[in-house]
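Visitor: Input target-v9.pdb, format and content: PDB, C-alpha atoms, pLDDT in the B column.
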```pdb
ATOM      1  CA  MET Z  22      25.945  -5.686  24.419  1.00 42.00           C
ATOM      2  CA  THR Z  23      23.074  -7.444  22.651  1.00 54.00           C
ATOM      3  CA  HIS Z  24      23.110  -6.962  18.896  1.00 62.00           C
ATOM      4  CA  ASP Z  25      19.907  -5.280  17.626  1.00 73.00           C
ATOM      5  CA  LYS Z  26      18.047  -5.489  20.938  1.00 76.00           C
ATOM      6  CA  ASP Z  27      15.031  -3.499  19.646  1.00 72.00           C
ATOM      7  CA  PHE Z  28      14.476  -6.003  16.847  1.00 75.00           C
ATOM      8  CA  LYS Z  29      14.790  -8.944  19.235  1.00 83.00           C
ATOM      9  CA  ARG Z  30      12.339  -7.294  21.634  1.00 80.00           C
ATOM     10  CA  LYS Z  31       9.873  -6.894  18.757  1.00 78.00           C
ATOM     11  CA  VAL Z  32      10.297 -10.587  17.855  1.00 80.00           C
ATOM     12  CA  ARG Z  33       9.682 -11.683  21.466  1.00 87.00           C
ATOM     13  CA  GLU Z  34       6.597  -9.487  21.769  1.00 81.00           C
ATOM     14  CA  GLN Z  35       5.079 -10.769  18.531  1.00 76.00           C
ATOM     15  CA  ALA Z  36       5.894 -14.387  19.426  1.00 80.00           C
ATOM     16  CA  ARG Z  37       4.172 -13.935  22.784  1.00 84.00           C
ATOM     17  CA  ARG Z  38       1.140 -12.221  21.175  1.00 72.00           C
ATOM     18  CA  THR Z  39       0.698 -14.764  18.388  1.00 72.00           C
ATOM     19  CA  GLY Z  40       1.775 -17.939  20.164  1.00 79.00           C
ATOM     20  CA  ARG Z  41       4.273 -18.707  17.392  1.00 77.00           C
ATOM     21  CA  SER Z  42       7.839 -19.768  18.120  1.00 87.00           C
ATOM     22  CA  TYR Z  43      10.566 -17.157  18.440  1.00 88.00           C
ATOM     23  CA  ALA Z  44      12.436 -18.707  15.483  1.00 87.00           C
ATOM     24  CA  SER Z  45       9.353 -18.614  13.253  1.00 77.00           C
ATOM     25  CA  VAL Z  46       8.611 -14.968  14.041  1.00 72.00           C
ATOM     26  CA  HIS Z  47      12.303 -14.050  13.684  1.00 79.00           C
ATOM     27  CA  ARG Z  48      12.439 -15.591  10.185  1.00 76.00           C
ATOM     28  CA  CYS Z  49       9.255 -13.794   9.130  1.00 66.00           C
ATOM     29  CA  LEU Z  50      10.286 -10.379  10.490  1.00 69.00           C
ATOM     30  CA  SER Z  51      13.811 -10.751   9.097  1.00 70.00           C
ATOM     31  CA  ARG Z  52      12.369 -11.452   5.646  1.00 61.00           C
ATOM     32  CA  GLN Z  53      10.117  -8.376   5.925  1.00 60.00           C
ATOM     33  CA  ARG Z  54      13.085  -6.313   7.051  1.00 62.00           C
ATOM     34  CA  GLU Z  55      15.135  -7.485   4.040  1.00 59.00           C
ATOM     35  CA  ASP Z  56      12.232  -6.763   1.682  1.00 50.00           C
ATOM     36  CA  ASN Z  57      11.900  -3.248   3.100  1.00 51.00           C
ATOM     37  CA  ALA Z  58      15.659  -2.690   2.821  1.00 54.00           C
ATOM     38  CA  MET Z  59      15.487  -3.661  -0.859  1.00 55.00           C
ATOM     39  CA  HIS Z  60      12.781  -1.062  -1.401  1.00 59.00           C
ATOM     40  CA  ARG Z  61      14.424   2.315  -0.931  1.00 83.00           C
ATOM     41  CA  PHE Z  62      11.862   5.025  -1.384  1.00 90.00           C
ATOM     42  CA  THR Z  63      11.635   8.652  -2.344  1.00 91.00           C
ATOM     43  CA  LYS Z  64       9.059  10.368  -0.157  1.00 94.00           C
ATOM     44  CA  ILE Z  65       6.867  12.983  -1.769  1.00 95.00           C
ATOM     45  CA  THR Z  66       4.857  15.190   0.560  1.00 95.00           C
ATOM     46  CA  LYS Z  67       1.685  16.892  -0.573  1.00 96.00           C
ATOM     47  CA  PRO Z  68       0.817  19.113   2.437  1.00 95.00           C
ATOM     48  CA  GLU Z  69      -2.054  20.811   0.586  1.00 95.00           C
ATOM     49  CA  LEU Z  70      -3.613  17.352   0.122  1.00 95.00           C
ATOM     50  CA  GLY Z  71      -2.680  15.962   3.546  1.00 95.00           C
ATOM     51  CA  PHE Z  72      -0.440  13.014   2.670  1.00 96.00           C
ATOM     52  CA  THR Z  73       3.066  11.762   1.993  1.00 96.00           C
ATOM     53  CA  VAL Z  74       3.577   8.937  -0.482  1.00 97.00           C
ATOM     54  CA  ALA Z  75       6.710   6.800  -0.840  1.00 95.00           C
ATOM     55  CA  VAL Z  76       7.694   5.700  -4.342  1.00 93.00           C
ATOM     56  CA  PRO Z  77      10.710   3.731  -5.536  1.00 88.00           C
ATOM     57  CA  PRO Z  78      13.531   5.681  -7.182  1.00 84.00           C
ATOM     58  CA  GLY Z  79      12.983   6.182 -10.881  1.00 82.00           C
ATOM     59  CA  TRP Z  80       9.231   6.592 -10.628  1.00 88.00           C
ATOM     60  CA  ALA Z  81       8.025   9.853 -12.139  1.00 88.00           C
ATOM     61  CA  GLU Z  82       5.115  12.037 -11.107  1.00 92.00           C
ATOM     62  CA  PHE Z  83       2.417  12.751 -13.651  1.00 93.00           C
ATOM     63  CA  PRO Z  84      -0.685  14.943 -13.458  1.00 95.00           C
ATOM     64  CA  PRO Z  85      -3.797  13.264 -12.044  1.00 96.00           C
ATOM     65  CA  GLN Z  86      -6.221  12.024 -14.677  1.00 95.00           C
ATOM     66  CA  LEU Z  87      -9.593  13.304 -13.547  1.00 93.00           C
ATOM     67  CA  THR Z  88     -11.277  11.265 -16.286  1.00 93.00           C
ATOM     68  CA  ASN Z  89     -10.162   8.224 -14.290  1.00 91.00           C
ATOM     69  CA  SER Z  90     -11.773   9.586 -11.103  1.00 94.00           C
ATOM     70  CA  PRO Z  91     -12.611  13.078  -9.865  1.00 95.00           C
ATOM     71  CA  TYR Z  92     -10.938  12.039  -6.596  1.00 97.00           C
ATOM     72  CA  GLU Z  93      -7.550  11.166  -8.127  1.00 97.00           C
ATOM     73  CA  VAL Z  94      -5.050  13.661  -6.681  1.00 97.00           C
ATOM     74  CA  ALA Z  95      -1.637  12.155  -7.508  1.00 97.00           C
ATOM     75  CA  ARG Z  96      -0.168   9.774 -10.086  1.00 95.00           C
ATOM     76  CA  PHE Z  97       3.272   8.143 -10.247  1.00 94.00           C
ATOM     77  CA  ALA Z  98       4.537   5.589 -12.751  1.00 91.00           C
ATOM     78  CA  ARG Z  99       7.516   3.628 -13.981  1.00 81.00           C
ATOM     79  CA  ARG Z 100       7.768   2.080 -17.405  1.00 65.00           C
ATOM     80  CA  ASP Z 101       9.966  -0.925 -17.968  1.00 64.00           C
ATOM     81  CA  HIS Z 102       9.106  -4.414 -19.157  1.00 52.00           C
ATOM     82  CA  ALA Z 103       5.753  -3.959 -17.416  1.00 58.00           C
ATOM     83  CA  SER Z 104       3.893  -0.837 -16.377  1.00 80.00           C
ATOM     84  CA  HIS Z 105       3.858   0.074 -12.701  1.00 87.00           C
ATOM     85  CA  LEU Z 106       1.380   2.645 -11.470  1.00 92.00           C
ATOM     86  CA  CYS Z 107       0.706   4.379  -8.151  1.00 95.00           C
ATOM     87  CA  LEU Z 108      -2.417   6.501  -7.733  1.00 97.00           C
ATOM     88  CA  VAL Z 109      -3.604   8.450  -4.715  1.00 98.00           C
ATOM     89  CA  PHE Z 110      -7.278   9.270  -4.278  1.00 97.00           C
ATOM     90  CA  ARG Z 111      -8.774  11.592  -1.672  1.00 97.00           C
ATOM     91  CA  SER Z 112     -12.541  11.697  -1.305  1.00 95.00           C
ATOM     92  CA  PRO Z 113     -15.065  13.003   1.210  1.00 94.00           C
ATOM     93  CA  GLY Z 114     -15.703  10.798   4.209  1.00 91.00           C
ATOM     94  CA  SER Z 115     -16.746  11.030   7.816  1.00 89.00           C
ATOM     95  CA  ALA Z 116     -15.079  10.540  11.169  1.00 83.00           C
ATOM     96  CA  GLY Z 117     -14.930   6.871  12.120  1.00 87.00           C
ATOM     97  CA  LEU Z 118     -15.975   5.603   8.680  1.00 93.00           C
ATOM     98  CA  ASP Z 119     -15.204   1.901   8.285  1.00 95.00           C
ATOM     99  CA  PRO Z 120     -12.686   1.708   5.382  1.00 96.00           C
ATOM    100  CA  ARG Z 121     -14.488  -1.381   4.069  1.00 97.00           C
ATOM    101  CA  ILE Z 122     -17.423   0.837   3.031  1.00 96.00           C
ATOM    102  CA  PRO Z 123     -15.519   2.869   0.384  1.00 96.00           C
ATOM    103  CA  ALA Z 124     -13.661  -0.321  -0.626  1.00 97.00           C
ATOM    104  CA  GLU Z 125     -16.981  -2.076  -1.302  1.00 97.00           C
ATOM    105  CA  ALA Z 126     -18.215   0.965  -3.266  1.00 96.00           C
ATOM    106  CA  ALA Z 127     -15.037   0.860  -5.377  1.00 96.00           C
ATOM    107  CA  ARG Z 128     -15.535  -2.869  -5.943  1.00 97.00           C
ATOM    108  CA  ALA Z 129     -18.969  -2.221  -7.463  1.00 95.00           C
ATOM    109  CA  VAL Z 130     -17.598   0.401  -9.873  1.00 94.00           C
ATOM    110  CA  LEU Z 131     -14.541  -1.667 -10.809  1.00 96.00           C
ATOM    111  CA  SER Z 132     -16.576  -4.827 -11.322  1.00 96.00           C
ATOM    112  CA  ALA Z 133     -18.702  -2.984 -13.895  1.00 94.00           C
ATOM    113  CA  SER Z 134     -15.424  -2.015 -15.660  1.00 92.00           C
ATOM    114  CA  GLY Z 135     -14.350  -5.633 -16.164  1.00 93.00           C
ATOM    115  CA  TYR Z 136     -12.185  -6.193 -13.090  1.00 96.00           C
ATOM    116  CA  ALA Z 137     -12.626  -9.502 -11.255  1.00 96.00           C
ATOM    117  CA  ASN Z 138     -11.181 -11.839  -8.615  1.00 97.00           C
ATOM    118  CA  PHE Z 139     -11.805  -9.402  -5.762  1.00 97.00           C
ATOM    119  CA  ALA Z 140     -10.459 -10.015  -2.265  1.00 97.00           C
ATOM    120  CA  LEU Z 141     -11.093  -7.645   0.639  1.00 97.00           C
ATOM    121  CA  ASP Z 142      -8.790  -7.858   3.661  1.00 96.00           C
ATOM    122  CA  ASP Z 143      -7.915  -5.844   6.740  1.00 95.00           C
ATOM    123  CA  ALA Z 144      -4.642  -3.980   6.284  1.00 94.00           C
ATOM    124  CA  GLN Z 145      -2.721  -0.857   7.302  1.00 93.00           C
ATOM    125  CA  LEU Z 146      -2.188   2.340   5.367  1.00 95.00           C
ATOM    126  CA  GLY Z 147       0.675   3.914   7.228  1.00 93.00           C
ATOM    127  CA  ALA Z 148      -0.456   4.204  10.844  1.00 91.00           C
ATOM    128  CA  HIS Z 149      -4.153   3.864   9.978  1.00 93.00           C
ATOM    129  CA  ALA Z 150      -6.363   0.794   9.971  1.00 93.00           C
ATOM    130  CA  ALA Z 151      -7.307   0.128   6.372  1.00 95.00           C
ATOM    131  CA  ALA Z 152      -9.083  -2.185   3.993  1.00 97.00           C
ATOM    132  CA  ARG Z 153      -7.097  -3.721   1.138  1.00 97.00           C
ATOM    133  CA  LEU Z 154      -8.998  -4.509  -2.042  1.00 97.00           C
ATOM    134  CA  SER Z 155      -7.100  -6.782  -4.455  1.00 96.00           C
ATOM    135  CA  PHE Z 156      -8.327  -7.579  -7.965  1.00 96.00           C
ATOM    136  CA  ASP Z 157      -7.223  -8.037 -11.564  1.00 95.00           C
ATOM    137  CA  LYS Z 158      -8.204  -7.701 -15.206  1.00 93.00           C
ATOM    138  CA  PRO Z 159      -6.948  -9.440 -18.345  1.00 90.00           C
ATOM    139  CA  ILE Z 160      -5.015  -7.143 -20.697  1.00 87.00           C
ATOM    140  CA  ALA Z 161      -3.366  -7.727 -24.081  1.00 84.00           C
ATOM    141  CA  THR Z 162       0.007  -8.576 -22.501  1.00 78.00           C
ATOM    142  CA  GLY Z 163      -1.269 -10.700 -19.593  1.00 84.00           C
ATOM    143  CA  VAL Z 164      -3.040  -9.635 -16.424  1.00 90.00           C
ATOM    144  CA  TRP Z 165      -3.192  -6.206 -14.744  1.00 92.00           C
ATOM    145  CA  VAL Z 166      -3.071  -6.743 -10.960  1.00 93.00           C
ATOM    146  CA  VAL Z 167      -4.185  -4.037  -8.524  1.00 95.00           C
ATOM    147  CA  ARG Z 168      -4.148  -3.491  -4.773  1.00 96.00           C
ATOM    148  CA  MET Z 169      -6.021  -0.551  -3.283  1.00 97.00           C
ATOM    149  CA  TYR Z 170      -5.594   0.457   0.369  1.00 97.00           C
ATOM    150  CA  PHE Z 171      -8.448   2.509   1.866  1.00 97.00           C
ATOM    151  CA  ALA Z 172      -8.191   4.439   5.145  1.00 96.00           C
ATOM    152  CA  SER Z 173     -10.499   6.959   6.746  1.00 93.00           C
ATOM    153  CA  ALA Z 174      -8.964   9.981   8.453  1.00 90.00           C
ATOM    154  CA  SER Z 175     -11.116  12.733   9.902  1.00 86.00           C
ATOM    155  CA  ASP Z 176     -13.529  13.787   7.149  1.00 91.00           C
ATOM    156  CA  ARG Z 177     -11.556  12.221   4.256  1.00 94.00           C
ATOM    157  CA  VAL Z 178     -10.991   8.805   2.745  1.00 96.00           C
ATOM    158  CA  PHE Z 179      -7.523   8.191   1.344  1.00 97.00           C
ATOM    159  CA  CYS Z 180      -6.872   5.433  -1.151  1.00 97.00           C
ATOM    160  CA  LEU Z 181      -3.457   4.274  -2.332  1.00 98.00           C
ATOM    161  CA  GLY Z 182      -3.893   2.341  -5.579  1.00 97.00           C
ATOM    162  CA  LEU Z 183      -1.003   0.240  -6.870  1.00 95.00           C
ATOM    163  CA  GLY Z 184      -1.209  -1.625 -10.166  1.00 93.00           C
ATOM    164  CA  SER Z 185       1.121  -3.535 -12.429  1.00 89.00           C
ATOM    165  CA  GLY Z 186       1.385  -6.087 -15.186  1.00 83.00           C
ATOM    166  CA  ASP Z 187       4.249  -7.552 -13.135  1.00 79.00           C
ATOM    167  CA  PRO Z 188       3.031  -7.185  -9.519  1.00 79.00           C
ATOM    168  CA  ASP Z 189       5.267  -7.180  -6.464  1.00 81.00           C
ATOM    169  CA  ALA Z 190       3.124  -7.732  -3.341  1.00 83.00           C
ATOM    170  CA  ALA Z 191       6.051  -6.988  -1.015  1.00 84.00           C
ATOM    171  CA  LEU Z 192       6.643  -3.666  -2.764  1.00 86.00           C
ATOM    172  CA  TYR Z 193       2.946  -2.780  -2.520  1.00 89.00           C
ATOM    173  CA  ASP Z 194       2.849  -3.590   1.191  1.00 88.00           C
ATOM    174  CA  SER Z 195       6.041  -1.606   1.786  1.00 90.00           C
ATOM    175  CA  MET Z 196       4.636   1.404  -0.058  1.00 93.00           C
ATOM    176  CA  SER Z 197       1.396   1.228   1.928  1.00 94.00           C
ATOM    177  CA  ALA Z 198       3.355   0.977   5.199  1.00 93.00           C
ATOM    178  CA  GLU Z 199       5.278   4.160   4.299  1.00 94.00           C
ATOM    179  CA  PHE Z 200       2.165   6.170   3.370  1.00 96.00           C
ATOM    180  CA  GLU Z 201       1.499   9.029   5.793  1.00 95.00           C
ATOM    181  CA  ILE Z 202      -1.713  10.936   6.393  1.00 94.00           C
ATOM    182  CA  ALA Z 203      -1.331  14.369   7.996  1.00 89.00           C
ATOM    183  CA  ALA Z 204      -3.156  14.791  11.268  1.00 65.00           C
TER     184      ALA Z 204
END
```
Can the structure from this file be put into C-alpha coordinates for me?
Guide:
Amino acid sequence: MTHDKDFKRKVREQARRTGRSYASVHRCLSRQREDNAMHRFTKITKPELGFTVAVPPGWAEFPPQLTNSPYEVARFARRDHASHLCLVFRSPGSAGLDPRIPAEAARAVLSASGYANFALDDAQLGAHAAARLSFDKPIATGVWVVRMYFASASDRVFCLGLGSGDPDAALYDSMSAEFEIAA
(Lines of atoms letter the chains of each structure in order from A and count residues from 1; the text may use other names and numbers.)
(Lines give C-alpha, C1' and ligand atoms only; values in the text may rest on other atoms or scores of the structure.)
Protein backbone atom coordinates (compact mmCIF):
# COMPACT_ATOMS: atom_id res chain seq x y z
CA MET A 1 0.00 0.00 0.00
CA THR A 2 1.27 3.47 -0.88
CA HIS A 3 2.47 5.44 2.12
CA ASP A 4 0.52 8.71 2.58
CA LYS A 5 -1.33 8.50 -0.74
CA ASP A 6 -3.46 11.61 -0.02
CA PHE A 7 -0.36 13.74 0.44
CA LYS A 8 1.21 12.37 -2.74
CA ARG A 9 -2.02 13.03 -4.65
CA LYS A 10 -1.96 16.63 -3.40
CA VAL A 11 1.68 16.99 -4.54
CA ARG A 12 0.86 15.62 -8.02
CA GLU A 13 -2.15 17.92 -8.38
CA GLN A 14 -0.20 21.02 -7.36
CA ALA A 15 2.74 20.07 -9.60
CA ARG A 16 0.35 19.68 -12.54
CA ARG A 17 -1.42 22.99 -11.75
CA THR A 18 1.76 25.02 -11.27
CA GLY A 19 4.03 23.36 -13.81
CA ARG A 20 6.69 22.80 -11.14
CA SER A 21 8.47 19.48 -10.71
CA TYR A 22 7.05 16.85 -8.38
CA ALA A 23 10.23 16.97 -6.26
CA SER A 24 10.07 20.76 -5.90
CA VAL A 25 6.42 20.73 -4.84
CA HIS A 26 7.03 17.76 -2.51
CA ARG A 27 9.86 19.63 -0.73
CA CYS A 28 7.73 22.76 -0.36
CA LEU A 29 4.62 20.95 0.92
CA SER A 30 6.71 18.77 3.24
CA ARG A 31 8.28 21.88 4.76
CA GLN A 32 4.82 23.43 5.25
CA ARG A 33 3.60 20.20 6.80
CA GLU A 34 6.55 20.18 9.24
CA ASP A 35 5.97 23.84 10.11
CA ASN A 36 2.30 23.14 10.82
CA ALA A 37 3.20 20.10 12.93
CA MET A 38 5.52 22.29 15.01
CA HIS A 39 2.66 24.69 15.64
CA ARG A 40 0.17 22.85 17.81
CA PHE A 41 -2.77 25.07 18.50
CA THR A 42 -5.49 25.56 21.05
CA LYS A 43 -8.73 26.44 19.28
CA ILE A 44 -10.98 28.98 20.92
CA THR A 45 -14.50 29.28 19.55
CA LYS A 46 -16.51 32.45 19.93
CA PRO A 47 -19.94 31.42 18.56
CA GLU A 48 -21.55 34.72 19.60
CA LEU A 49 -18.96 36.50 17.41
CA GLY A 50 -18.93 33.95 14.57
CA PHE A 51 -15.33 32.73 14.59
CA THR A 52 -12.82 30.23 15.90
CA VAL A 53 -9.22 31.31 16.41
CA ALA A 54 -6.22 29.00 16.86
CA VAL A 55 -3.48 30.13 19.24
CA PRO A 56 -0.31 28.36 20.34
CA PRO A 57 -0.31 26.76 23.79
CA GLY A 58 0.66 29.18 26.51
CA TRP A 59 -1.05 32.17 24.95
CA ALA A 60 -3.56 33.80 27.28
CA GLU A 61 -6.80 35.55 26.46
CA PHE A 62 -7.23 39.14 27.54
CA PRO A 63 -10.19 41.51 27.25
CA PRO A 64 -10.42 43.46 23.99
CA GLN A 65 -9.07 47.00 24.20
CA LEU A 66 -11.75 49.14 22.63
CA THR A 67 -9.44 52.16 22.81
CA ASN A 68 -7.35 50.33 20.20
CA SER A 69 -10.39 49.88 17.92
CA PRO A 70 -14.14 49.70 18.54
CA TYR A 71 -14.09 46.60 16.32
CA GLU A 72 -11.57 44.63 18.41
CA VAL A 73 -13.45 41.60 19.77
CA ALA A 74 -10.69 39.27 21.02
CA ARG A 75 -7.10 39.58 22.24
CA PHE A 76 -4.51 36.87 22.96
CA ALA A 77 -0.87 37.32 23.95
CA ARG A 78 2.29 35.60 25.06
CA ARG A 79 5.13 37.33 26.83
CA ASP A 80 8.64 35.98 26.57
CA HIS A 81 11.79 37.55 25.19
CA ALA A 82 9.55 39.40 22.74
CA SER A 83 5.86 40.21 22.86
CA HIS A 84 3.52 38.21 20.66
CA LEU A 85 0.00 39.46 20.09
CA CYS A 86 -3.09 38.13 18.31
CA LEU A 87 -6.10 40.40 17.81
CA VAL A 88 -9.41 39.65 16.16
CA PHE A 89 -11.52 42.45 14.71
CA ARG A 90 -15.08 42.16 13.42
CA SER A 91 -16.58 45.12 11.60
CA PRO A 92 -19.59 45.80 9.39
CA GLY A 93 -19.22 44.86 5.75
CA SER A 94 -21.30 43.77 2.81
CA ALA A 95 -21.75 40.60 0.82
CA GLY A 96 -19.02 40.19 -1.78
CA LEU A 97 -16.84 43.00 -0.40
CA ASP A 98 -13.30 42.79 -1.77
CA PRO A 99 -11.06 42.25 1.31
CA ARG A 100 -8.51 44.67 -0.16
CA ILE A 101 -10.92 47.55 0.53
CA PRO A 102 -10.87 47.26 4.36
CA ALA A 103 -7.13 46.44 4.18
CA GLU A 104 -6.48 49.70 2.31
CA ALA A 105 -8.62 51.61 4.84
CA ALA A 106 -6.57 50.08 7.68
CA ARG A 107 -3.36 51.03 5.88
CA ALA A 108 -4.41 54.70 5.86
CA VAL A 109 -5.13 54.68 9.61
CA LEU A 110 -1.97 52.75 10.49
CA SER A 111 0.22 54.93 8.30
CA ALA A 112 -0.95 57.99 10.25
CA SER A 113 0.08 56.13 13.45
CA GLY A 114 3.70 55.72 12.34
CA TYR A 115 3.59 52.28 10.73
CA ALA A 116 5.45 51.87 7.43
CA ASN A 117 6.78 49.37 4.87
CA PHE A 118 3.31 48.21 3.83
CA ALA A 119 2.79 45.23 1.54
CA LEU A 120 -0.65 44.05 0.42
CA ASP A 121 -0.98 40.50 -0.90
CA ASP A 122 -3.69 37.98 -1.69
CA ALA A 123 -3.97 35.36 1.04
CA GLN A 124 -6.39 33.01 2.80
CA LEU A 125 -8.08 33.40 6.15
CA GLY A 126 -9.23 29.90 6.86
CA ALA A 127 -11.39 28.88 3.90
CA HIS A 128 -11.97 32.47 2.77
CA ALA A 129 -10.13 34.53 0.18
CA ALA A 130 -8.35 37.30 2.04
CA ALA A 131 -5.99 40.22 1.77
CA ARG A 132 -2.82 40.18 3.87
CA LEU A 133 -1.45 43.54 4.95
CA SER A 134 2.12 43.39 6.30
CA PHE A 135 3.87 46.36 7.90
CA ASP A 136 6.16 47.40 10.75
CA LYS A 137 7.09 50.17 13.16
CA PRO A 138 10.31 50.91 15.04
CA ILE A 139 10.02 50.42 18.81
CA ALA A 140 12.50 50.89 21.67
CA THR A 141 13.67 47.26 21.50
CA GLY A 142 13.79 46.89 17.70
CA VAL A 143 10.96 46.61 15.21
CA TRP A 144 7.31 45.62 15.77
CA VAL A 145 6.20 43.51 12.78
CA VAL A 146 2.51 42.96 11.98
CA ARG A 147 0.48 40.88 9.56
CA MET A 148 -3.26 41.47 9.25
CA TYR A 149 -5.51 39.08 7.32
CA PHE A 150 -8.83 40.54 6.11
CA ALA A 151 -11.76 38.44 4.87
CA SER A 152 -15.33 39.36 4.07
CA ALA A 153 -18.08 36.96 5.11
CA SER A 154 -21.73 37.82 4.61
CA ASP A 155 -22.26 41.26 6.15
CA ARG A 156 -19.05 41.26 8.26
CA VAL A 157 -15.35 41.81 7.76
CA PHE A 158 -13.08 39.69 9.93
CA CYS A 159 -9.48 40.66 10.55
CA LEU A 160 -6.86 38.50 12.24
CA GLY A 161 -4.00 40.74 13.38
CA LEU A 162 -0.72 39.13 14.43
CA GLY A 163 2.18 41.20 15.74
CA SER A 164 5.52 40.58 17.36
CA GLY A 165 8.93 42.00 18.11
CA ASP A 166 10.25 38.58 17.05
CA PRO A 167 8.00 37.63 14.10
CA ASP A 168 7.45 34.11 12.83
CA ALA A 169 5.87 34.26 9.35
CA ALA A 170 5.24 30.50 9.31
CA LEU A 171 3.38 30.74 12.61
CA TYR A 172 1.29 33.66 11.33
CA ASP A 173 0.37 31.79 8.16
CA SER A 174 -0.49 28.67 10.15
CA MET A 175 -2.71 30.65 12.51
CA SER A 176 -4.48 32.32 9.58
CA ALA A 177 -5.01 28.92 7.91
CA GLU A 178 -6.66 27.60 11.09
CA PHE A 179 -9.00 30.59 11.52
CA GLU A 180 -12.65 29.66 11.00
CA ILE A 181 -15.59 31.92 10.22
CA ALA A 182 -19.03 30.52 11.06
CA ALA A 183 -21.38 30.26 8.12
Visitor: Can you list, as a ChimeraX atom specification, every protein, DNA or RNA residue that comes within 10 Å of range 135-148 of chain Z when you count all atoms listed in the file, leaving out same-chain residues fewer than 3 positions away?
Guide: /Z:73-74,120-121,124-125,128-132,151-159,165-173,179-181,194-202
Visitor: Near range 76-86 of chain Z, within 6 Å and counting all atoms listed in the file, which residues show up once chain neighbours fewer than 3 positions away are dropped, as a PyMOL selection string?
Guide: chain Z and resi 62-63+89+93-99
Visitor: Could you tell me which of Z:Val32, Z:Val164, Z:Leu183, Z:Val178 comes closest to Tyr92 in chain Z if we count only C-alpha atoms?
Guide: Z:Val178
Visitor: Between Z:Ser45, Z:Ser104, Z:Ser51, Z:Thr162, which residue has the minimum interatomic distance to Asp189 in chain Z, considering all atoms listed in the file?
Guide: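 Between Z:Ser45, Z:Ser104, Z:Ser51, Z:Thr162, the residue approaching Asp189 in chain Z most closely is Z:Ser104.
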Visitor: Report the residues retrieved by the PyMOL selection byres ((chain Z and resi 113-115) around 9) from the displayed file, expressed as an mmCIF file with C-alpha atoms, in the frame of the given file.
Guide:
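File selection_9.cif, as written:
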```
data_model
loop_
_atom_site.group_PDB
_atom_site.id
_atom_site.type_symbol
_atom_site.label_atom_id
_atom_site.label_comp_id
_atom_site.auth_asym_id
_atom_site.auth_seq_id
_atom_site.Cartn_x
_atom_site.Cartn_y
_atom_site.Cartn_z
ATOM 1 C CA TYR Z 92 -10.938 12.039 -6.596
ATOM 2 C CA ARG Z 111 -8.774 11.592 -1.672
ATOM 3 C CA SER Z 112 -12.541 11.697 -1.305
ATOM 4 C CA ALA Z 116 -15.079 10.540 11.169
ATOM 5 C CA GLY Z 117 -14.930 6.871 12.120
ATOM 6 C CA LEU Z 118 -15.975 5.603 8.680
ATOM 7 C CA PRO Z 123 -15.519 2.869 0.384
ATOM 8 C CA SER Z 173 -10.499 6.959 6.746
ATOM 9 C CA ALA Z 174 -8.964 9.981 8.453
ATOM 10 C CA SER Z 175 -11.116 12.733 9.902
ATOM 11 C CA ASP Z 176 -13.529 13.787 7.149
ATOM 12 C CA ARG Z 177 -11.556 12.221 4.256
ATOM 13 C CA VAL Z 178 -10.991 8.805 2.745
ATOM 14 C CA PHE Z 179 -7.523 8.191 1.344
#
```
Visitor: For CA of Val109 in chain Z and CA of Phe72 in chain Z, quote the distance in Å rounded to one decimal.
Guide: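 A separation of 9.2 Å between them.
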Visitor: Rounded to one decimal, what separation in Å do you get between CA of Thr66 in chain Z and CA of Gly184 in chain Z?
Guide: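 Answer for the CA of Thr66 in chain Z to CA of Gly184 in chain Z separation: 20.8 Å.
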Visitor: CA of Tyr193 in chain Z to CA of Leu108 in chain Z: how many Å, to one decimal?
Guide: 11.9 Å
Visitor: Between Z:Lys64, Z:His149, Z:His47, Z:Arg41, which residue has the minimum interatomic distance to Lys29 in chain Z, considering all atoms listed in the file?
Guide: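 The answer is Z:His47, which sits nearest to Lys29 in chain Z.
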Visitor: Quick one: of Z:Glu69, Z:Glu34, Z:Asp119, Z:Asp187, who's nearest to Ala203 in chain Z, counting only C-alpha atoms?
Guide: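 Of the candidates, the smallest distance to Ala203 in chain Z is held by Z:Glu69.
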